[in-house]
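Colleague: Got a structure for you, written out below as structure tokens; questions coming shortly.
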Amino acid sequence: MALELVRNIPEIMEKGKLINQNNVRYRVEYNDYVIGLSAEYKGEKRGFIITVFQKNKK
């Protein structure tokens with residue numbers, strides 16, 4: 001599962017919809033996948049932190 005998410009990152013970034021949440025956090029959504037991007041961690045400015053996950057299927 002994790003390896004599948006990592007392999008899908010380029011496609012998600014290329015084809016997904018970018019959503020600006022608050023000028024520090026962004027989301028890229030594509031199909032059932034979400035990439036979260038954050039320019040800070042615990043209030044400190046950082047390079048972007050990337051989180052990738054698949055939405056829960058109901």
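Labels for the structure tokens follow display order: chains A, B, ..., residues from 1 in each chain, ligands from 1.
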Which residues, written as an NGL selection string, have at least one atom at most 9 Å from range 21-29 of chain A, with only C-alpha atoms counted and residues fewer than 6 positions away on the same chain left out?
Modeller: :A and (12-13 or 15 or 35-40)
Colleague: Please, what distance in Å, to one decimal, runs between CA of Leu18 in chain A and CA of Glu4 in chain A?
Modeller: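 So the two atoms, CA of Leu18 in chain A and CA of Glu4 in chain A, lie 21.0 Å apart.
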Colleague: In Å, with one decimal, what is the gap from CA of Asn31 in chain A to CA of Thr51 in chain A?
Modeller: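 Between these atoms lies a distance of 16.0 Å.
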Colleague: With a distance cut-off of 12 Å and only C-alpha atoms, select the neighbouring residues of Asp32 in chain A, excluding the residue or stretch itself and same-chain residues fewer than 3 positions from it, and output the selection as a list in words.
Modeller: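 Residues near the query, excluding close chain neighbours: Leu5, Asn8, Ile12, Gly16, Val28, Glu29, Ile35, Val52, Phe53, Gln54, Lys55, Asn56, Lys57 and Lys58 of chain A.
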Colleague: Please, what distance in Å, to one decimal, runs between CA of Glu11 in chain A and CA of Lys45 in chain A?
Modeller: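 Separation between CA of Glu11 in chain A and CA of Lys45 in chain A: 27.2 Å.
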Colleague: Mind listing the strand (DSSP E or B) residues of chain A, per DSSP on the backbone, as number ranges by chain?
Modeller: A: 17-20, 25-30, 33-41, 44-54
Colleague: Keeping only N, CA, C and O atoms, write those residues as a CSV table (one decimal), in the first residue's frame.
Modeller:
```
chain,number,residue,atom,x,y,z
A,17,LYS,N,-6.0,18.5,-8.5
A,17,LYS,CA,-6.5,19.8,-8.3
A,17,LYS,C,-5.8,20.4,-7.0
A,17,LYS,O,-5.9,19.9,-5.9
A,18,LEU,N,-5.1,21.6,-7.2
A,18,LEU,CA,-4.5,22.3,-6.1
A,18,LEU,C,-5.5,23.1,-5.3
A,18,LEU,O,-6.1,23.9,-5.9
A,19,ILE,N,-5.5,22.9,-4.0
A,19,ILE,CA,-6.4,23.7,-3.1
A,19,ILE,C,-5.5,24.4,-2.1
A,19,ILE,O,-4.8,23.8,-1.3
A,20,ASN,N,-5.6,25.7,-2.1
A,20,ASN,CA,-4.9,26.6,-1.1
A,20,ASN,C,-5.7,26.6,0.1
A,20,ASN,O,-6.8,27.2,0.1
A,25,ARG,N,-0.6,25.9,4.0
A,25,ARG,CA,-1.0,24.5,3.7
A,25,ARG,C,-1.8,24.4,2.4
A,25,ARG,O,-2.6,25.2,2.1
A,26,TYR,N,-1.4,23.4,1.7
A,26,TYR,CA,-2.1,23.1,0.4
A,26,TYR,C,-2.4,21.7,0.3
A,26,TYR,O,-1.8,20.8,1.0
A,27,ARG,N,-3.4,21.4,-0.5
A,27,ARG,CA,-3.8,20.0,-0.8
A,27,ARG,C,-3.8,19.8,-2.3
A,27,ARG,O,-4.2,20.7,-3.1
A,28,VAL,N,-3.5,18.6,-2.8
A,28,VAL,CA,-3.6,18.2,-4.2
A,28,VAL,C,-4.5,17.0,-4.1
A,28,VAL,O,-4.1,16.0,-3.5
A,29,GLU,N,-5.7,17.1,-4.7
A,29,GLU,CA,-6.6,15.9,-4.7
A,29,GLU,C,-6.8,15.4,-6.1
A,29,GLU,O,-6.9,16.2,-7.1
A,30,TYR,N,-6.7,14.1,-6.2
A,30,TYR,CA,-6.9,13.4,-7.5
A,30,TYR,C,-7.5,12.0,-7.2
A,30,TYR,O,-6.9,11.2,-6.5
A,33,TYR,N,-7.0,10.0,-3.9
A,33,TYR,CA,-5.7,10.3,-3.3
A,33,TYR,C,-5.7,11.8,-2.9
A,33,TYR,O,-6.2,12.7,-3.6
A,34,VAL,N,-4.9,12.1,-1.8
A,34,VAL,CA,-4.7,13.4,-1.3
A,34,VAL,C,-3.3,13.6,-1.0
A,34,VAL,O,-2.7,12.7,-0.3
A,35,ILE,N,-2.6,14.7,-1.5
A,35,ILE,CA,-1.3,15.0,-1.0
A,35,ILE,C,-1.4,16.3,-0.2
A,35,ILE,O,-2.0,17.3,-0.7
A,36,GLY,N,-1.0,16.3,1.0
A,36,GLY,CA,-1.0,17.5,1.8
A,36,GLY,C,0.4,18.1,1.8
A,36,GLY,O,1.4,17.4,2.0
A,37,LEU,N,0.5,19.4,1.6
A,37,LEU,CA,1.8,20.1,1.6
A,37,LEU,C,1.7,21.2,2.7
A,37,LEU,O,0.8,22.0,2.7
A,38,SER,N,2.8,21.3,3.5
A,38,SER,CA,2.8,22.3,4.5
A,38,SER,C,4.2,23.0,4.5
A,38,SER,O,5.2,22.3,4.4
A,39,ALA,N,4.2,24.3,4.6
A,39,ALA,CA,5.5,25.0,4.6
A,39,ALA,C,6.0,25.3,6.0
A,39,ALA,O,6.9,26.1,6.2
A,40,GLU,N,5.3,24.8,7.0
A,40,GLU,CA,5.8,24.9,8.4
A,40,GLU,C,5.4,23.7,9.2
A,40,GLU,O,4.6,22.9,8.8
A,41,TYR,N,6.2,23.5,10.3
A,41,TYR,CA,6.0,22.4,11.2
A,41,TYR,C,6.0,22.9,12.6
A,41,TYR,O,7.0,23.5,13.0
A,44,GLU,N,7.0,26.5,12.9
A,44,GLU,CA,8.3,27.0,12.4
A,44,GLU,C,8.3,26.8,10.9
A,44,GLU,O,8.0,25.7,10.4
A,45,LYS,N,8.8,27.8,10.1
A,45,LYS,CA,8.9,27.7,8.7
A,45,LYS,C,9.9,26.6,8.3
A,45,LYS,O,11.0,26.5,8.9
A,46,ARG,N,9.5,25.8,7.3
A,46,ARG,CA,10.4,24.7,6.8
A,46,ARG,C,10.2,24.7,5.3
A,46,ARG,O,9.4,25.3,4.7
A,47,GLY,N,11.1,23.8,4.7
A,47,GLY,CA,10.8,23.4,3.3
A,47,GLY,C,9.5,22.6,3.4
A,47,GLY,O,9.0,22.3,4.4
A,48,PHE,N,8.9,22.4,2.3
A,48,PHE,CA,7.6,21.7,2.3
A,48,PHE,C,7.7,20.3,2.8
A,48,PHE,O,8.6,19.5,2.5
A,49,ILE,N,6.7,20.0,3.7
A,49,ILE,CA,6.5,18.7,4.2
A,49,ILE,C,5.4,18.0,3.4
A,49,ILE,O,4.3,18.6,3.2
A,50,ILE,N,5.6,16.8,2.9
A,50,ILE,CA,4.6,16.2,2.0
A,50,ILE,C,4.0,15.0,2.8
A,50,ILE,O,4.7,14.1,3.3
A,51,THR,N,2.7,14.9,2.7
A,51,THR,CA,1.9,13.8,3.3
A,51,THR,C,1.0,13.3,2.2
A,51,THR,O,0.3,14.0,1.6
A,52,VAL,N,1.0,12.0,2.0
A,52,VAL,CA,0.2,11.4,0.9
A,52,VAL,C,-0.7,10.3,1.6
A,52,VAL,O,-0.2,9.5,2.4
A,53,PHE,N,-2.0,10.3,1.2
A,53,PHE,CA,-2.9,9.3,1.7
A,53,PHE,C,-4.0,9.0,0.8
A,53,PHE,O,-4.3,9.8,-0.1
A,54,GLN,N,-4.6,7.9,0.9
A,54,GLN,CA,-5.8,7.5,0.1
A,54,GLN,C,-7.0,7.7,1.0
A,54,GLN,O,-7.0,7.3,2.2
```
Colleague: Write down as a PyMOL selection string the residues belonging to chain A that are assigned helix (DSSP H, G or I) by DSSP computed on the backbone.
Modeller: chain A and resi 2-15
Colleague: Write a file of the selected residues as a PDB file, in the first residue's frame, keeping N, CA and C atoms.
Modeller:
```pdb
ATOM      1  N   ALA A   2       1.834   1.341   0.893  1.00  0.00           N
ATOM      2  CA  ALA A   2       2.666   2.545   0.975  1.00  0.00           C
ATOM      3  C   ALA A   2       3.458   2.765  -0.306  1.00  0.00           C
ATOM      4  N   LEU A   3       4.000   1.694  -0.849  1.00  0.00           N
ATOM      5  CA  LEU A   3       4.781   1.814  -2.075  1.00  0.00           C
ATOM      6  C   LEU A   3       3.897   2.290  -3.234  1.00  0.00           C
ATOM      7  N   GLU A   4       2.658   1.831  -3.273  1.00  0.00           N
ATOM      8  CA  GLU A   4       1.701   2.279  -4.293  1.00  0.00           C
ATOM      9  C   GLU A   4       1.474   3.786  -4.185  1.00  0.00           C
ATOM     10  N   LEU A   5       1.326   4.294  -2.972  1.00  0.00           N
ATOM     11  CA  LEU A   5       1.132   5.738  -2.779  1.00  0.00           C
ATOM     12  C   LEU A   5       2.329   6.520  -3.289  1.00  0.00           C
ATOM     13  N   VAL A   6       3.523   6.066  -2.959  1.00  0.00           N
ATOM     14  CA  VAL A   6       4.740   6.752  -3.387  1.00  0.00           C
ATOM     15  C   VAL A   6       4.853   6.747  -4.912  1.00  0.00           C
ATOM     16  N   ARG A   7       4.538   5.635  -5.521  1.00  0.00           N
ATOM     17  CA  ARG A   7       4.610   5.540  -6.980  1.00  0.00           C
ATOM     18  C   ARG A   7       3.594   6.445  -7.673  1.00  0.00           C
ATOM     19  N   ASN A   8       2.487   6.724  -7.002  1.00  0.00           N
ATOM     20  CA  ASN A   8       1.437   7.550  -7.598  1.00  0.00           C
ATOM     21  C   ASN A   8       1.645   9.053  -7.405  1.00  0.00           C
ATOM     22  N   ILE A   9       2.624   9.465  -6.623  1.00  0.00           N
ATOM     23  CA  ILE A   9       2.828  10.894  -6.355  1.00  0.00           C
ATOM     24  C   ILE A   9       2.973  11.721  -7.638  1.00  0.00           C
ATOM     25  N   PRO A  10       3.804  11.328  -8.604  1.00  0.00           N
ATOM     26  CA  PRO A  10       3.927  12.162  -9.818  1.00  0.00           C
ATOM     27  C   PRO A  10       2.598  12.359 -10.551  1.00  0.00           C
ATOM     28  N   GLU A  11       1.817  11.292 -10.675  1.00  0.00           N
ATOM     29  CA  GLU A  11       0.530  11.396 -11.368  1.00  0.00           C
ATOM     30  C   GLU A  11      -0.454  12.267 -10.587  1.00  0.00           C
ATOM     31  N   ILE A  12      -0.484  12.109  -9.278  1.00  0.00           N
ATOM     32  CA  ILE A  12      -1.375  12.922  -8.442  1.00  0.00           C
ATOM     33  C   ILE A  12      -1.011  14.399  -8.576  1.00  0.00           C
ATOM     34  N   MET A  13       0.291  14.713  -8.529  1.00  0.00           N
ATOM     35  CA  MET A  13       0.742  16.105  -8.637  1.00  0.00           C
ATOM     36  C   MET A  13       0.422  16.680 -10.014  1.00  0.00           C
ATOM     37  N   GLU A  14       0.600  15.876 -11.057  1.00  0.00           N
ATOM     38  CA  GLU A  14       0.389  16.356 -12.418  1.00  0.00           C
ATOM     39  C   GLU A  14      -1.089  16.550 -12.746  1.00  0.00           C
ATOM     40  N   LYS A  15      -1.926  15.618 -12.329  1.00  0.00           N
ATOM     41  CA  LYS A  15      -3.328  15.628 -12.740  1.00  0.00           C
ATOM     42  C   LYS A  15      -4.297  16.146 -11.675  1.00  0.00           C
TER      43      LYS A  15
END
```
